Amino acid sequence: MDSGHGGVRTALIVGAGVAGLAAATALARAGWRVEVVEANPARETTGWGLSLTGPALRALAELDLADACLAEGHGMSVITHVNVRGEPTDRVELPRLLGARRPAMVGIARPALHRVLYAAAERSGALVRHGLTVAALEQGAASVRVRLSDATERQATLVVGADGLRSSVRGLLGLRASPGYHGQMVWRALVPRPSWATGIHQFAGTVDTAGLVPLSASQAYVFLTENGVAHDVLPEAELAPRLARLLEPFPGRVRELVPLVAARRAVVRRPVRTHVLRGAWSRGSGVVIGDAAHAPAPQMASGAALAIEDGLVLAQELDRHESVGAGLAAFTSRRAQRCRTLVETSMTIADLERAQRHDEAYPLVNACHRLMAEPA
């Protein structure tokens, strides 16, 4: 990859997740020559599902991908909050950013979203290579020399670190972050979708919080936020029976989810860790996006939205400015406050959940979704 060959600007993106593939599509469509390197040797991705909120769908529509995601997932527009007695107490009508006749958000399986984003990046001309990551960076006056893990080198106009919470690119650029653990572990299990689950349901418990997110006509995923636990790893064989036990104290509709979870062979359990970069997100011709720059708690279901927006806005600002440096500065200026607000609000909601102050969390969720509906 030669910087500036034939007048074409070149981008090396590290990470083929949501942020990386969105950026690859947006940059390639803007005329950049794009290469993506991904440490995972396989093309497939792991995980059960996620929510694409209105801002995510709006950004995907800019990339002509919203319809594909709606077709792959389950459209919905309401979050129903249920109290510790199993009674619905709060209903959040989410902003419909694609118009009144279309859903406000979509629940989608991670592999399905990955297929949509991967295909779009390749159609746009981006080249994706697996089993590779960045080993070293050397900044030049107008480009970056990159040594990859296979000892090959690239010369690029731009390097984008879309390599997640533990970003290696962030460290190589000299940008420092300190992701914090919040005493919560989030569990997820894929289950058959109950007929009543047409939108997101969140259930307050006396200790933990549970919920259900539809992913398709036939599937949904159960989630549980376990409060006040150490950041540890459990044997895989213990996960399904333990999640079923954690769900047993919940009343009402959660009870019918217990046997569905107990029958699962695969359950995931992950720590809630957050951070947001203060100050610069870039140095020279390198920048970090997505979770490498800002990782919210899952309570706002907006991590994917921020990641997709990042990819789109990065391409827009680079297209508007003569130099990469000016474009990156404008990108950070446009994104920093929005992302910081989302991360900090998600952390506050997580704190309220841990304190069992759910009635205070619900209005905050609603207000933050309204704020996120504003232009990115």
# chains A, B, ... in the order shown; residues from 1 in each chain; ligands from 1
call {"tool": "residues_around", "arguments": {"residues": "Phe331 (chain A)", "least_positions_apart": "5", "cutoff": "12 Å", "atoms": "only C-alpha atoms", "output": "list of chain:residue names"}}
result
A:Ala280, A:Trp281, A:Ser282, A:Val287, A:Val288, A:Ile289, A:Glu309, A:Asp310, A:Gly311, A:Leu312, A:Val313, A:Leu314, A:Ala315, A:Gln316, A:Glu317, A:Leu318, A:Asp319, A:Arg320, A:His321, A:Val324, A:Gly325, A:Ala326, A:Ala336, A:Gln337, A:Arg338, A:Cys339, A:Ala376
call {"tool": "closest_atom_pairs", "arguments": {"of": "region 225-324 of chain A", "to": "region 184-198 of chain A", "cutoff": "12 Å", "atoms": "only C-alpha atoms", "output": "tab-separated table"}}
result
residue	atom	partner	partner_atom	distance
A:Thr225	CA	A:Val186	CA	4.5
A:Glu226	CA	A:Met185	CA	5.1
A:Asn227	CA	A:Gln184	CA	4.8
A:Gly228	CA	A:Gln184	CA	6.1
A:Val229	CA	A:Gln184	CA	6.1
A:Ala230	CA	A:Gln184	CA	7.9
A:His231	CA	A:Met185	CA	7.5
A:Asp232	CA	A:Met185	CA	9.1
A:Val233	CA	A:Met185	CA	10.2
A:Leu234	CA	A:Met185	CA	11.4
A:Leu239	CA	A:Trp187	CA	8.8
A:Ala240	CA	A:Ala189	CA	8.1
A:Pro241	CA	A:Ala189	CA	11.4
A:Arg242	CA	A:Trp187	CA	10.1
A:Leu243	CA	A:Trp187	CA	7.3
A:Ala244	CA	A:Ala189	CA	10.1
A:Leu246	CA	A:Trp187	CA	10.0
A:Leu247	CA	A:Trp187	CA	10.7
A:Arg253	CA	A:Trp196	CA	9.3
A:Val254	CA	A:Pro194	CA	10.7
A:Arg255	CA	A:Pro194	CA	12.0
A:Glu256	CA	A:Pro194	CA	8.9
A:Leu257	CA	A:Val191	CA	8.1
A:Val258	CA	A:Val191	CA	10.1
A:Pro259	CA	A:Val191	CA	9.9
A:Leu260	CA	A:Val191	CA	6.1
A:Val261	CA	A:Ala189	CA	6.5
A:Ala262	CA	A:Ala189	CA	9.6
A:Ala263	CA	A:Val191	CA	9.0
A:Arg264	CA	A:Ala189	CA	7.2
A:Arg265	CA	A:Ala189	CA	9.1
A:Ala266	CA	A:Ala189	CA	6.9
A:Val267	CA	A:Ala189	CA	4.9
A:Val268	CA	A:Arg188	CA	5.3
A:Arg269	CA	A:Trp187	CA	4.4
A:Arg270	CA	A:Val186	CA	5.3
A:Pro271	CA	A:Met185	CA	4.4
A:Val272	CA	A:Gln184	CA	5.5
A:Arg273	CA	A:Gln184	CA	8.5
A:Thr274	CA	A:Gln184	CA	11.2
A:Ala297	CA	A:Gln184	CA	9.7
A:Pro298	CA	A:Val186	CA	8.6
A:Gln299	CA	A:Val186	CA	10.2
call {"tool": "residues_around", "arguments": {"residues": "Gly31 (chain A)", "least_positions_apart": "3", "cutoff": "10 Å", "atoms": "only C-alpha atoms", "output": "JSON list (two decimals) with N, CA, C and O atoms, in the first residue's frame"}}
result
[["chain", "number", "residue", "atom", "x", "y", "z"],
["A", 8, "VAL", "N", -4.17, 8.85, -4.91],
["A", 8, "VAL", "CA", -5.17, 8.19, -4.07],
["A", 8, "VAL", "C", -4.65, 8.11, -2.64],
["A", 8, "VAL", "O", -3.53, 7.65, -2.39],
["A", 9, "ARG", "N", -5.46, 8.55, -1.69],
["A", 9, "ARG", "CA", -5.08, 8.43, -0.29],
["A", 9, "ARG", "C", -5.33, 7.00, 0.19],
["A", 9, "ARG", "O", -6.30, 6.37, -0.20],
["A", 10, "THR", "N", -4.44, 6.53, 1.05],
["A", 10, "THR", "CA", -4.50, 5.14, 1.49],
["A", 10, "THR", "C", -4.73, 5.07, 3.00],
["A", 10, "THR", "O", -4.18, 5.86, 3.76],
["A", 26, "ALA", "N", -17.04, 3.52, 4.53],
["A", 26, "ALA", "CA", -17.19, 4.96, 4.34],
["A", 26, "ALA", "C", -15.97, 5.55, 3.63],
["A", 26, "ALA", "O", -16.11, 6.38, 2.71],
["A", 27, "LEU", "N", -14.77, 5.15, 4.04],
["A", 27, "LEU", "CA", -13.56, 5.68, 3.42],
["A", 27, "LEU", "C", -13.41, 5.20, 1.98],
["A", 27, "LEU", "O", -13.06, 5.99, 1.08],
["A", 28, "ALA", "N", -13.68, 3.93, 1.72],
["A", 28, "ALA", "CA", -13.56, 3.40, 0.36],
["A", 28, "ALA", "C", -14.54, 4.09, -0.58],
["A", 28, "ALA", "O", -14.21, 4.41, -1.73],
["A", 34, "VAL", "N", -8.33, 1.25, 0.76],
["A", 34, "VAL", "CA", -8.45, 0.79, 2.14],
["A", 34, "VAL", "C", -8.01, -0.66, 2.28],
["A", 34, "VAL", "O", -8.43, -1.53, 1.51],
["A", 124, "SER", "N", -17.28, -2.14, -1.52],
["A", 124, "SER", "CA", -16.73, -0.79, -1.68],
["A", 124, "SER", "C", -15.28, -0.79, -2.15],
["A", 124, "SER", "O", -14.73, 0.27, -2.47],
["A", 125, "GLY", "N", -14.67, -1.96, -2.15],
["A", 125, "GLY", "CA", -13.29, -2.08, -2.62],
["A", 125, "GLY", "C", -12.25, -2.26, -1.54],
["A", 125, "GLY", "O", -11.05, -2.36, -1.84],
["A", 315, "ALA", "N", -14.84, 9.59, 7.78],
["A", 315, "ALA", "CA", -14.74, 9.76, 6.33],
["A", 315, "ALA", "C", -15.24, 11.14, 5.91],
["A", 315, "ALA", "O", -14.64, 11.79, 5.03],
["A", 319, "ASP", "N", -12.88, 14.09, 4.21],
["A", 319, "ASP", "CA", -13.25, 14.57, 2.88],
["A", 319, "ASP", "C", -13.39, 16.09, 2.83],
["A", 319, "ASP", "O", -13.21, 16.70, 1.79]]
call {"tool": "residues_around", "arguments": {"residues": "region 211-213 of chain A", "least_positions_apart": "6", "cutoff": "8 Å", "atoms": "only C-alpha atoms", "output": "PyMOL selection string"}}
result
chain A and resi 51+107+197+199-203+220-224
call {"tool": "residues_around", "arguments": {"residues": "Leu137 (chain A)", "least_positions_apart": "5", "cutoff": "10 Å", "atoms": "only C-alpha atoms", "output": "ChimeraX atom specification"}}
result
/A:144-148,153-155,159,169,172-173,286
call {"tool": "closest_residue", "arguments": {"among": "A:Leu277, A:Leu65, A:Ala112, A:Val134", "to": "Ser168 (chain A)", "atoms": "only C-alpha atoms"}}
result
A:Val134
call {"tool": "closest_residue", "arguments": {"among": "A:Glu138, A:Asp64, A:Asp208, A:Glu374", "to": "Asn83 (chain A)", "atoms": "only C-alpha atoms"}}
result
A:Asp208
call {"tool": "residues_around", "arguments": {"residues": "Glu360 (chain A)", "least_positions_apart": "6", "cutoff": "10 Å", "atoms": "only C-alpha atoms", "output": "list of chain:residue names"}}
result
A:Ile349, A:Leu352, A:Glu353
